[in-house]
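Trainee: Quick one: this structure, given as structure tokens, is what I'll be asking you about.
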2 protein chains.
Amino acid sequence: MGASKSDHFSEEQNELSTLFKALGHPARIAIIQHILETKSCICGDLVEKFPLSQATISQHLKELKHANIIQGTIEGNSICYCLNPQTLEKLNQVINHFIDSEKCKETQCC
Amino acid sequence: MGASKSDHFSEEQNELSTLFKALGHPARIAIIQHILETKSCICGDLVEKFPLSQATISQHLKELKHANIIQGTIEGNSICYCLNPQTLEKLNQVINHFIDSEKCKETQCC
DNA sequence: AAATATTATCGTAATATTGCAATATAGTAA
DNA sequence: TTACTATATTGCAATATTACGATAATATTT
């Protein structure tokens with residue numbers, strides 16, 4: 001085999017892992033940082049900025065879009081992608097929940 | 001080809017993507033949740049709890065450990081894993097930075 | 001309409017990940 | 001030491017991801 005057994009895990013667990021997985025590539029982190037810096041994101045700009053082909057950039061954008069991390073609107077004949085605040089907020093809540101649960105631990109074994 | 005071109009991205013970008021990648025599997029999310037619930041984590045318990053073999057669980061634990069998300073200490077002849085608060089805090093900062101940068105945007109295109 | 005510009009998709013090859021059985025390793029107990 | 005228990009590693013097969021060239025789709029301009 002080799003495929004991940006997503007059927008055996010909860011919907012929440014699958015949803016979260018999909019979100020993190022989308023962030024699990026340096027190019028996609030770089031794309032997000034670019035969006036935050038330039039306040040916009042046009043595919044062509046990324047192709048010039050990064051040493052990746054247009055097809056590859058487009059694929060990474062597609063994955064980020066699929067995970068609802070970015071959202072796009074048409075602007076002339078190019079497409080402008082922006083971050084999705086709701087998804088960021090969700091990520092924030094998850095991490096905070098992890099940290100809170102950690103702090104509640106009375107017995108540390110490590 | 002097919003490998004990710006990590007050489008072309010910054011150390012920070014690679015570091016972050018490695019961290020997120022480690023969280024990008026439902027089993028590993030489930031393991032983290034188990035640690036938060038039971039306040040400890042013994043490999044054998046996970047093998048009973050999840051429909052995965054001992055070898056597979058051990059591999060997932062290894063990946064989480066390698067990403068510094070969990071840390072282990074020997075306890076009798078089993079090993080107890082706990083979360084690494086520093087890594088959680090780092091994740092928290094990254095997400096917060098994303099959100100802050102998002103809020104600073106004057107011109108929204110989406 | 002035709003030419004141009006920009007992004008998306010397809011097909012393919014290389015690499016990475018996932019999962020498990022089998023085996024190895026490390027600690028405990030007799 | 002031997003037997004037992006728990007975790008780690010190895011080797012392999014199946015699936016997923018990454019990357020790119022070629023091509024398609026869509027919008028703009030002439």
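Following the order of the structure tokens, chains are lettered A, B, ..., residues in each are numbered from 1, and ligands are numbered from 1.
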Within 10 Å of chain A, which residues belong to chain D? Use only C-alpha atoms (C1' of nucleotides) and report them as JSON, numbers by chain.

Mentor: {"D": [13, 14, 15, 16, 18, 19, 20, 21, 26, 27, 28]}

Trainee: Just the alpha helix (DSSP H) stuff from segment 22-101 of chain A, please, per backbone DSSP, written as a PyMOL selection string.

Mentor: chain A and resi 22+26-38+43-49+54-66+85-101

Trainee: Go ahead and align chain B to chain A (same sequence, so just pair every C-alpha in order, least squares) and export the moved chain as a CSV table (one decimal) with N, CA and C atoms, in the first residue's frame.

Mentor:
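The file below, result_6.csv, is the result:
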```
chain,number,residue,atom,x,y,z
B,1,MET,N,0.9,-1.2,-0.1
B,1,MET,CA,0.0,0.0,0.0
B,1,MET,C,0.9,1.3,0.0
B,2,GLY,N,0.5,2.2,0.8
B,2,GLY,CA,1.2,3.5,0.9
B,2,GLY,C,0.3,4.7,1.1
B,3,ALA,N,-0.9,4.6,0.6
B,3,ALA,CA,-1.8,5.8,0.8
B,3,ALA,C,-2.1,5.9,2.3
B,4,SER,N,-2.4,7.2,2.7
B,4,SER,CA,-2.8,7.4,4.0
B,4,SER,C,-4.2,6.9,4.3
B,5,LYS,N,-4.4,6.3,5.4
B,5,LYS,CA,-5.7,5.7,5.7
B,5,LYS,C,-6.6,6.8,6.3
B,6,SER,N,-7.0,7.8,5.5
B,6,SER,CA,-7.8,8.9,6.0
B,6,SER,C,-9.2,8.5,6.5
B,7,ASP,N,-9.7,7.3,6.0
B,7,ASP,CA,-11.0,6.9,6.5
B,7,ASP,C,-11.0,6.5,7.9
B,8,HIS,N,-9.9,6.2,8.5
B,8,HIS,CA,-9.8,5.8,9.9
B,8,HIS,C,-9.7,6.9,10.9
B,9,PHE,N,-9.6,8.1,10.4
B,9,PHE,CA,-9.5,9.2,11.3
B,9,PHE,C,-10.7,10.2,11.2
B,10,SER,N,-10.8,11.0,12.2
B,10,SER,CA,-12.0,11.9,12.2
B,10,SER,C,-11.9,12.9,11.1
B,11,GLU,N,-13.1,13.5,10.9
B,11,GLU,CA,-13.2,14.6,9.9
B,11,GLU,C,-12.3,15.7,10.3
B,12,GLU,N,-12.3,16.1,11.5
B,12,GLU,CA,-11.5,17.2,12.0
B,12,GLU,C,-10.0,16.9,11.8
B,13,GLN,N,-9.6,15.7,12.1
B,13,GLN,CA,-8.2,15.3,12.0
B,13,GLN,C,-7.7,15.4,10.5
B,14,ASN,N,-8.6,14.9,9.6
B,14,ASN,CA,-8.3,15.0,8.2
B,14,ASN,C,-8.3,16.4,7.7
B,15,GLU,N,-9.2,17.2,8.2
B,15,GLU,CA,-9.3,18.6,7.8
B,15,GLU,C,-8.0,19.4,8.2
B,16,LEU,N,-7.6,19.2,9.5
B,16,LEU,CA,-6.4,19.9,10.0
B,16,LEU,C,-5.2,19.4,9.2
B,17,SER,N,-5.0,18.1,9.0
B,17,SER,CA,-3.8,17.7,8.4
B,17,SER,C,-3.8,18.1,6.9
B,18,THR,N,-4.9,18.3,6.3
B,18,THR,CA,-4.9,18.8,4.9
B,18,THR,C,-4.4,20.3,4.9
B,19,LEU,N,-4.9,21.0,5.9
B,19,LEU,CA,-4.5,22.4,6.0
B,19,LEU,C,-2.9,22.5,6.2
B,20,PHE,N,-2.4,21.7,7.2
B,20,PHE,CA,-1.0,21.8,7.5
B,20,PHE,C,-0.2,21.3,6.3
B,21,LYS,N,-0.7,20.3,5.6
B,21,LYS,CA,0.0,19.7,4.5
B,21,LYS,C,0.2,20.7,3.4
B,22,ALA,N,-0.8,21.5,3.2
B,22,ALA,CA,-0.8,22.6,2.2
B,22,ALA,C,0.3,23.6,2.5
B,23,LEU,N,0.6,23.7,3.8
B,23,LEU,CA,1.7,24.7,4.2
B,23,LEU,C,3.1,24.0,4.2
B,24,GLY,N,3.1,22.7,3.9
B,24,GLY,CA,4.3,21.9,4.1
B,24,GLY,C,5.2,21.8,2.9
B,25,HIS,N,5.4,23.0,2.3
B,25,HIS,CA,6.3,23.1,1.1
B,25,HIS,C,6.9,24.5,1.1
B,26,PRO,N,8.2,24.5,1.0
B,26,PRO,CA,8.9,25.9,1.1
B,26,PRO,C,8.4,26.8,0.0
B,27,ALA,N,8.0,26.4,-1.2
B,27,ALA,CA,7.5,27.3,-2.2
B,27,ALA,C,6.2,27.9,-1.7
B,28,ARG,N,5.4,27.1,-1.1
B,28,ARG,CA,4.1,27.6,-0.7
B,28,ARG,C,4.2,28.6,0.5
B,29,ILE,N,5.2,28.3,1.4
B,29,ILE,CA,5.4,29.3,2.4
B,29,ILE,C,5.9,30.6,1.8
B,30,ALA,N,6.8,30.5,0.8
B,30,ALA,CA,7.3,31.6,0.2
B,30,ALA,C,6.2,32.4,-0.5
B,31,ILE,N,5.3,31.7,-1.1
B,31,ILE,CA,4.2,32.4,-1.8
B,31,ILE,C,3.3,33.2,-0.8
B,32,ILE,N,3.1,32.6,0.4
B,32,ILE,CA,2.3,33.2,1.4
B,32,ILE,C,3.0,34.5,1.9
B,33,GLN,N,4.3,34.3,2.1
B,33,GLN,CA,5.1,35.5,2.5
B,33,GLN,C,5.1,36.6,1.5
B,34,HIS,N,5.2,36.2,0.2
B,34,HIS,CA,5.1,37.2,-0.9
B,34,HIS,C,3.8,38.0,-0.8
B,35,ILE,N,2.7,37.2,-0.6
B,35,ILE,CA,1.4,37.9,-0.5
B,35,ILE,C,1.3,38.9,0.6
B,36,LEU,N,1.9,38.5,1.8
B,36,LEU,CA,1.9,39.4,2.9
B,36,LEU,C,2.7,40.6,2.7
B,37,GLU,N,3.8,40.4,1.9
B,37,GLU,CA,4.7,41.6,1.7
B,37,GLU,C,4.1,42.5,0.6
B,38,THR,N,3.7,42.0,-0.5
B,38,THR,CA,3.3,42.8,-1.6
B,38,THR,C,1.8,43.1,-1.6
B,39,LYS,N,1.1,42.5,-0.7
B,39,LYS,CA,-0.3,42.7,-0.5
B,39,LYS,C,-1.1,42.3,-1.8
B,40,SER,N,-0.5,41.5,-2.6
B,40,SER,CA,-1.2,40.9,-3.7
B,40,SER,C,-0.4,39.8,-4.2
B,41,CYS,N,-0.9,39.1,-5.1
B,41,CYS,CA,-0.2,37.9,-5.6
B,41,CYS,C,-0.6,37.6,-7.0
B,42,ILE,N,0.3,37.8,-8.0
B,42,ILE,CA,0.0,37.5,-9.4
B,42,ILE,C,1.0,36.4,-9.8
B,43,CYS,N,0.5,35.4,-10.4
B,43,CYS,CA,1.3,34.2,-10.8
B,43,CYS,C,2.5,34.6,-11.5
B,44,GLY,N,2.4,35.5,-12.4
B,44,GLY,CA,3.6,35.9,-13.2
B,44,GLY,C,4.7,36.5,-12.4
B,45,ASP,N,4.4,37.2,-11.4
B,45,ASP,CA,5.4,37.8,-10.5
B,45,ASP,C,6.2,36.7,-9.8
B,46,LEU,N,5.5,35.7,-9.4
B,46,LEU,CA,6.1,34.6,-8.6
B,46,LEU,C,7.0,33.8,-9.6
B,47,VAL,N,6.6,33.7,-10.8
B,47,VAL,CA,7.4,33.0,-11.8
B,47,VAL,C,8.8,33.7,-12.0
B,48,GLU,N,8.7,35.0,-11.9
B,48,GLU,CA,10.0,35.8,-12.0
B,48,GLU,C,10.8,35.7,-10.8
B,49,LYS,N,10.1,35.7,-9.6
B,49,LYS,CA,10.8,35.8,-8.3
B,49,LYS,C,11.4,34.4,-7.9
B,50,PHE,N,10.7,33.3,-8.2
B,50,PHE,CA,11.2,32.0,-7.8
B,50,PHE,C,11.7,31.2,-9.0
B,51,PRO,N,12.7,30.3,-8.7
B,51,PRO,CA,13.3,29.5,-9.8
B,51,PRO,C,12.4,28.3,-10.1
B,52,LEU,N,11.1,28.6,-10.3
B,52,LEU,CA,10.2,27.5,-10.7
B,52,LEU,C,9.4,27.9,-11.9
B,53,SER,N,9.0,26.9,-12.7
B,53,SER,CA,8.3,27.2,-13.9
B,53,SER,C,6.9,27.7,-13.6
B,54,GLN,N,6.3,28.3,-14.6
B,54,GLN,CA,4.9,28.8,-14.5
B,54,GLN,C,4.0,27.7,-14.1
B,55,ALA,N,4.2,26.5,-14.7
B,55,ALA,CA,3.3,25.4,-14.4
B,55,ALA,C,3.3,25.0,-13.0
B,56,THR,N,4.6,25.0,-12.4
B,56,THR,CA,4.7,24.6,-11.0
B,56,THR,C,4.1,25.6,-10.1
B,57,ILE,N,4.4,26.9,-10.4
B,57,ILE,CA,3.8,27.9,-9.5
B,57,ILE,C,2.3,27.8,-9.5
B,58,SER,N,1.7,27.6,-10.7
B,58,SER,CA,0.3,27.5,-10.8
B,58,SER,C,-0.3,26.3,-10.0
B,59,GLN,N,0.5,25.2,-10.0
B,59,GLN,CA,0.1,24.1,-9.2
B,59,GLN,C,0.1,24.4,-7.7
B,60,HIS,N,1.1,25.1,-7.3
B,60,HIS,CA,1.2,25.4,-5.8
B,60,HIS,C,0.1,26.3,-5.5
B,61,LEU,N,-0.2,27.3,-6.3
B,61,LEU,CA,-1.3,28.2,-6.1
B,61,LEU,C,-2.7,27.4,-6.0
B,62,LYS,N,-2.8,26.4,-6.8
B,62,LYS,CA,-4.0,25.6,-6.9
B,62,LYS,C,-4.2,24.9,-5.5
B,63,GLU,N,-3.1,24.4,-5.0
B,63,GLU,CA,-3.1,23.6,-3.8
B,63,GLU,C,-3.5,24.5,-2.6
B,64,LEU,N,-2.9,25.7,-2.6
B,64,LEU,CA,-3.2,26.7,-1.5
B,64,LEU,C,-4.7,27.1,-1.6
B,65,LYS,N,-5.1,27.2,-2.8
B,65,LYS,CA,-6.5,27.6,-3.0
B,65,LYS,C,-7.5,26.5,-2.6
B,66,HIS,N,-7.1,25.3,-2.9
B,66,HIS,CA,-7.9,24.2,-2.6
B,66,HIS,C,-8.0,24.0,-1.1
B,67,ALA,N,-7.0,24.4,-0.4
B,67,ALA,CA,-7.0,24.3,1.1
B,67,ALA,C,-7.6,25.5,1.7
B,68,ASN,N,-8.1,26.4,0.9
B,68,ASN,CA,-8.8,27.6,1.4
B,68,ASN,C,-7.8,28.6,2.1
B,69,ILE,N,-6.5,28.4,1.8
B,69,ILE,CA,-5.6,29.3,2.4
B,69,ILE,C,-5.5,30.7,1.7
B,70,ILE,N,-5.7,30.6,0.4
B,70,ILE,CA,-5.7,31.8,-0.4
B,70,ILE,C,-7.0,31.7,-1.3
B,71,GLN,N,-7.4,32.9,-1.7
B,71,GLN,CA,-8.6,33.0,-2.6
B,71,GLN,C,-8.3,34.0,-3.7
B,72,GLY,N,-8.8,33.8,-4.9
B,72,GLY,CA,-8.4,34.6,-6.0
B,72,GLY,C,-9.6,35.4,-6.6
B,73,THR,N,-9.2,36.5,-7.2
B,73,THR,CA,-10.2,37.3,-8.0
B,73,THR,C,-9.5,37.7,-9.3
B,74,ILE,N,-10.3,37.7,-10.3
B,74,ILE,CA,-9.9,38.1,-11.6
B,74,ILE,C,-9.6,39.6,-11.7
B,75,GLU,N,-8.4,39.9,-12.3
B,75,GLU,CA,-8.0,41.4,-12.4
B,75,GLU,C,-7.4,41.6,-13.7
B,76,GLY,N,-8.2,42.1,-14.6
B,76,GLY,CA,-7.8,42.2,-16.0
B,76,GLY,C,-7.6,40.7,-16.5
B,77,ASN,N,-6.5,40.5,-17.1
B,77,ASN,CA,-6.3,39.1,-17.6
B,77,ASN,C,-5.3,38.4,-16.7
B,78,SER,N,-5.1,38.9,-15.5
B,78,SER,CA,-4.3,38.1,-14.5
B,78,SER,C,-5.2,37.8,-13.3
B,79,ILE,N,-4.8,37.0,-12.4
B,79,ILE,CA,-5.6,36.7,-11.3
B,79,ILE,C,-4.8,37.0,-10.0
B,80,CYS,N,-5.5,37.8,-9.1
B,80,CYS,CA,-4.9,38.2,-7.9
B,80,CYS,C,-5.3,37.3,-6.7
B,81,TYR,N,-4.4,36.7,-6.1
B,81,TYR,CA,-4.7,35.9,-4.9
B,81,TYR,C,-4.4,36.6,-3.6
B,82,CYS,N,-5.3,36.4,-2.7
B,82,CYS,CA,-5.1,36.9,-1.3
B,82,CYS,C,-5.3,35.9,-0.3
B,83,LEU,N,-4.8,36.1,0.9
B,83,LEU,CA,-5.0,35.1,2.0
B,83,LEU,C,-6.5,35.1,2.5
B,84,ASN,N,-6.9,34.0,3.0
B,84,ASN,CA,-8.2,33.9,3.5
B,84,ASN,C,-8.1,34.0,5.1
B,85,PRO,N,-8.6,35.2,5.6
B,85,PRO,CA,-8.5,35.4,7.0
B,85,PRO,C,-9.1,34.4,7.9
B,86,GLN,N,-10.2,33.8,7.4
B,86,GLN,CA,-10.9,32.8,8.2
B,86,GLN,C,-10.1,31.5,8.4
B,87,THR,N,-9.4,31.1,7.4
B,87,THR,CA,-8.5,30.0,7.5
B,87,THR,C,-7.3,30.3,8.5
B,88,LEU,N,-6.8,31.5,8.4
B,88,LEU,CA,-5.7,31.9,9.3
B,88,LEU,C,-6.2,31.8,10.7
B,89,GLU,N,-7.4,32.3,10.9
B,89,GLU,CA,-8.0,32.3,12.3
B,89,GLU,C,-8.2,30.9,12.8
B,90,LYS,N,-8.6,30.1,11.9
B,90,LYS,CA,-8.8,28.7,12.3
B,90,LYS,C,-7.5,28.0,12.7
B,91,LEU,N,-6.5,28.3,12.0
B,91,LEU,CA,-5.1,27.8,12.3
B,91,LEU,C,-4.7,28.3,13.7
B,92,ASN,N,-4.9,29.6,13.9
B,92,ASN,CA,-4.6,30.2,15.1
B,92,ASN,C,-5.3,29.5,16.3
B,93,GLN,N,-6.5,29.2,16.1
B,93,GLN,CA,-7.3,28.6,17.2
B,93,GLN,C,-6.8,27.2,17.5
B,94,VAL,N,-6.4,26.5,16.5
B,94,VAL,CA,-5.9,25.1,16.6
B,94,VAL,C,-4.6,25.1,17.4
B,95,ILE,N,-3.7,26.0,17.0
B,95,ILE,CA,-2.4,26.1,17.8
B,95,ILE,C,-2.6,26.5,19.2
B,96,ASN,N,-3.5,27.5,19.4
B,96,ASN,CA,-3.8,28.0,20.7
B,96,ASN,C,-4.4,26.9,21.6
B,97,HIS,N,-5.2,26.1,21.0
B,97,HIS,CA,-5.8,24.9,21.7
B,97,HIS,C,-4.7,24.0,22.1
B,98,PHE,N,-3.8,23.7,21.2
B,98,PHE,CA,-2.6,22.8,21.6
B,98,PHE,C,-1.9,23.4,22.8
B,99,ILE,N,-1.6,24.7,22.7
B,99,ILE,CA,-0.8,25.3,23.7
B,99,ILE,C,-1.5,25.3,25.1
B,100,ASP,N,-2.8,25.6,25.0
B,100,ASP,CA,-3.6,25.6,26.2
B,100,ASP,C,-3.7,24.3,26.9
B,101,SER,N,-3.9,23.3,26.1
B,101,SER,CA,-4.0,21.9,26.6
B,101,SER,C,-2.6,21.5,27.2
B,102,GLU,N,-1.6,22.0,26.6
B,102,GLU,CA,-0.2,21.7,27.1
B,102,GLU,C,-0.1,22.3,28.5
B,103,LYS,N,-0.5,23.5,28.6
B,103,LYS,CA,-0.3,24.2,29.9
B,103,LYS,C,-1.1,23.6,31.0
B,104,CYS,N,-2.2,22.9,30.6
B,104,CYS,CA,-3.1,22.3,31.6
B,104,CYS,C,-2.5,21.1,32.2
B,105,LYS,N,-1.5,20.6,31.6
B,105,LYS,CA,-0.9,19.3,32.1
B,105,LYS,C,-0.3,19.5,33.5
B,106,GLU,N,-0.7,18.6,34.4
B,106,GLU,CA,-0.1,18.7,35.7
B,106,GLU,C,1.2,17.9,35.8
B,107,THR,N,1.1,16.7,35.2
B,107,THR,CA,2.2,15.8,35.3
B,107,THR,C,3.0,15.9,34.0
B,108,GLN,N,4.2,16.4,34.1
B,108,GLN,CA,5.1,16.4,32.9
B,108,GLN,C,5.9,15.2,32.9
B,109,CYS,N,6.1,14.5,31.9
B,109,CYS,CA,6.9,13.3,31.9
B,109,CYS,C,8.2,13.6,31.1
B,110,CYS,N,8.3,14.8,30.5
B,110,CYS,CA,9.5,15.1,29.7
B,110,CYS,C,10.2,16.3,30.3
```

Trainee: May I ask for the distance between atom C1' of DG19 of chain C and atom C1' of DG11 of chain D, given in Å to one decimal place?

Mentor: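 Distance between the two atoms: 12.3 Å.
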
Trainee: Give one line per residue of chain C that approaches chain B to at most 8 Å, naming the two atoms of the closest pair and their distance in Å to one decimal, counting only C-alpha atoms (C1' of nucleotides); sort by chain then ascending residue number and deliver it as JSON lines.

Mentor:
```
{"residue": "C:DA13", "atom": "C1'", "partner": "B:Met1", "partner_atom": "CA", "distance": 6.3}
{"residue": "C:DA14", "atom": "C1'", "partner": "B:Met1", "partner_atom": "CA", "distance": 3.9}
{"residue": "C:DT15", "atom": "C1'", "partner": "B:Ala3", "partner_atom": "CA", "distance": 4.9}
{"residue": "C:DA16", "atom": "C1'", "partner": "B:Ala3", "partner_atom": "CA", "distance": 7.3}
{"residue": "C:DG19", "atom": "C1'", "partner": "B:Thr56", "partner_atom": "CA", "distance": 6.1}
{"residue": "C:DC20", "atom": "C1'", "partner": "B:Ser53", "partner_atom": "CA", "distance": 6.8}
{"residue": "C:DA26", "atom": "C1'", "partner": "B:Asn77", "partner_atom": "CA", "distance": 7.8}
{"residue": "C:DG27", "atom": "C1'", "partner": "B:Asn77", "partner_atom": "CA", "distance": 4.9}
{"residue": "C:DT28", "atom": "C1'", "partner": "B:Asn77", "partner_atom": "CA", "distance": 6.9}
```

Trainee: When DSSP works through the backbone of this structure, what residues of chain A end up as strand (DSSP E or B), shown as a PyMOL selection string?

Mentor: chain A and resi 42+70-75+78-83

Trainee: Could you turn the residues from that selection into a file that holds N, CA and C atoms, as a PDB file, in the first residue's frame?

Mentor:
```pdb
ATOM      1  N   ILE A  42       0.290  37.835  -8.021  1.00  0.00           N
ATOM      2  CA  ILE A  42       0.023  37.522  -9.419  1.00  0.00           C
ATOM      3  C   ILE A  42       0.996  36.434  -9.843  1.00  0.00           C
ATOM      4  N   ILE A  70      -5.661  30.539   0.358  1.00  0.00           N
ATOM      5  CA  ILE A  70      -5.745  31.761  -0.442  1.00  0.00           C
ATOM      6  C   ILE A  70      -7.039  31.732  -1.250  1.00  0.00           C
ATOM      7  N   GLN A  71      -7.424  32.905  -1.706  1.00  0.00           N
ATOM      8  CA  GLN A  71      -8.603  33.008  -2.552  1.00  0.00           C
ATOM      9  C   GLN A  71      -8.266  33.978  -3.681  1.00  0.00           C
ATOM     10  N   GLY A  72      -8.817  33.766  -4.856  1.00  0.00           N
ATOM     11  CA  GLY A  72      -8.406  34.577  -5.996  1.00  0.00           C
ATOM     12  C   GLY A  72      -9.537  35.331  -6.651  1.00  0.00           C
ATOM     13  N   THR A  73      -9.200  36.488  -7.184  1.00  0.00           N
ATOM     14  CA  THR A  73     -10.154  37.242  -7.989  1.00  0.00           C
ATOM     15  C   THR A  73      -9.488  37.647  -9.289  1.00  0.00           C
ATOM     16  N   ILE A  74     -10.275  37.729 -10.326  1.00  0.00           N
ATOM     17  CA  ILE A  74      -9.739  38.092 -11.632  1.00  0.00           C
ATOM     18  C   ILE A  74      -9.471  39.587 -11.674  1.00  0.00           C
ATOM     19  N   GLU A  75      -8.333  39.950 -12.214  1.00  0.00           N
ATOM     20  CA  GLU A  75      -7.925  41.352 -12.292  1.00  0.00           C
ATOM     21  C   GLU A  75      -7.334  41.578 -13.667  1.00  0.00           C
ATOM     22  N   SER A  78      -5.047  38.918 -15.484  1.00  0.00           N
ATOM     23  CA  SER A  78      -4.280  38.100 -14.549  1.00  0.00           C
ATOM     24  C   SER A  78      -5.178  37.848 -13.342  1.00  0.00           C
ATOM     25  N   ILE A  79      -4.700  37.020 -12.429  1.00  0.00           N
ATOM     26  CA  ILE A  79      -5.519  36.686 -11.275  1.00  0.00           C
ATOM     27  C   ILE A  79      -4.794  37.058 -10.001  1.00  0.00           C
ATOM     28  N   CYS A  80      -5.492  37.734  -9.135  1.00  0.00           N
ATOM     29  CA  CYS A  80      -4.907  38.190  -7.880  1.00  0.00           C
ATOM     30  C   CYS A  80      -5.369  37.319  -6.724  1.00  0.00           C
ATOM     31  N   TYR A  81      -4.399  36.728  -6.054  1.00  0.00           N
ATOM     32  CA  TYR A  81      -4.721  35.874  -4.916  1.00  0.00           C
ATOM     33  C   TYR A  81      -4.453  36.600  -3.607  1.00  0.00           C
ATOM     34  N   CYS A  82      -5.298  36.381  -2.639  1.00  0.00           N
ATOM     35  CA  CYS A  82      -5.107  36.946  -1.302  1.00  0.00           C
ATOM     36  C   CYS A  82      -5.317  35.860  -0.256  1.00  0.00           C
ATOM     37  N   LEU A  83      -4.824  36.116   0.943  1.00  0.00           N
ATOM     38  CA  LEU A  83      -5.015  35.148   2.018  1.00  0.00           C
ATOM     39  C   LEU A  83      -6.472  35.140   2.471  1.00  0.00           C
TER      40      LEU A  83
END
```

Trainee: Hey, can you check how far atom C1' of DA24 of chain C sits from atom C1' of DC4 of chain D?

Mentor: 15.5 Å
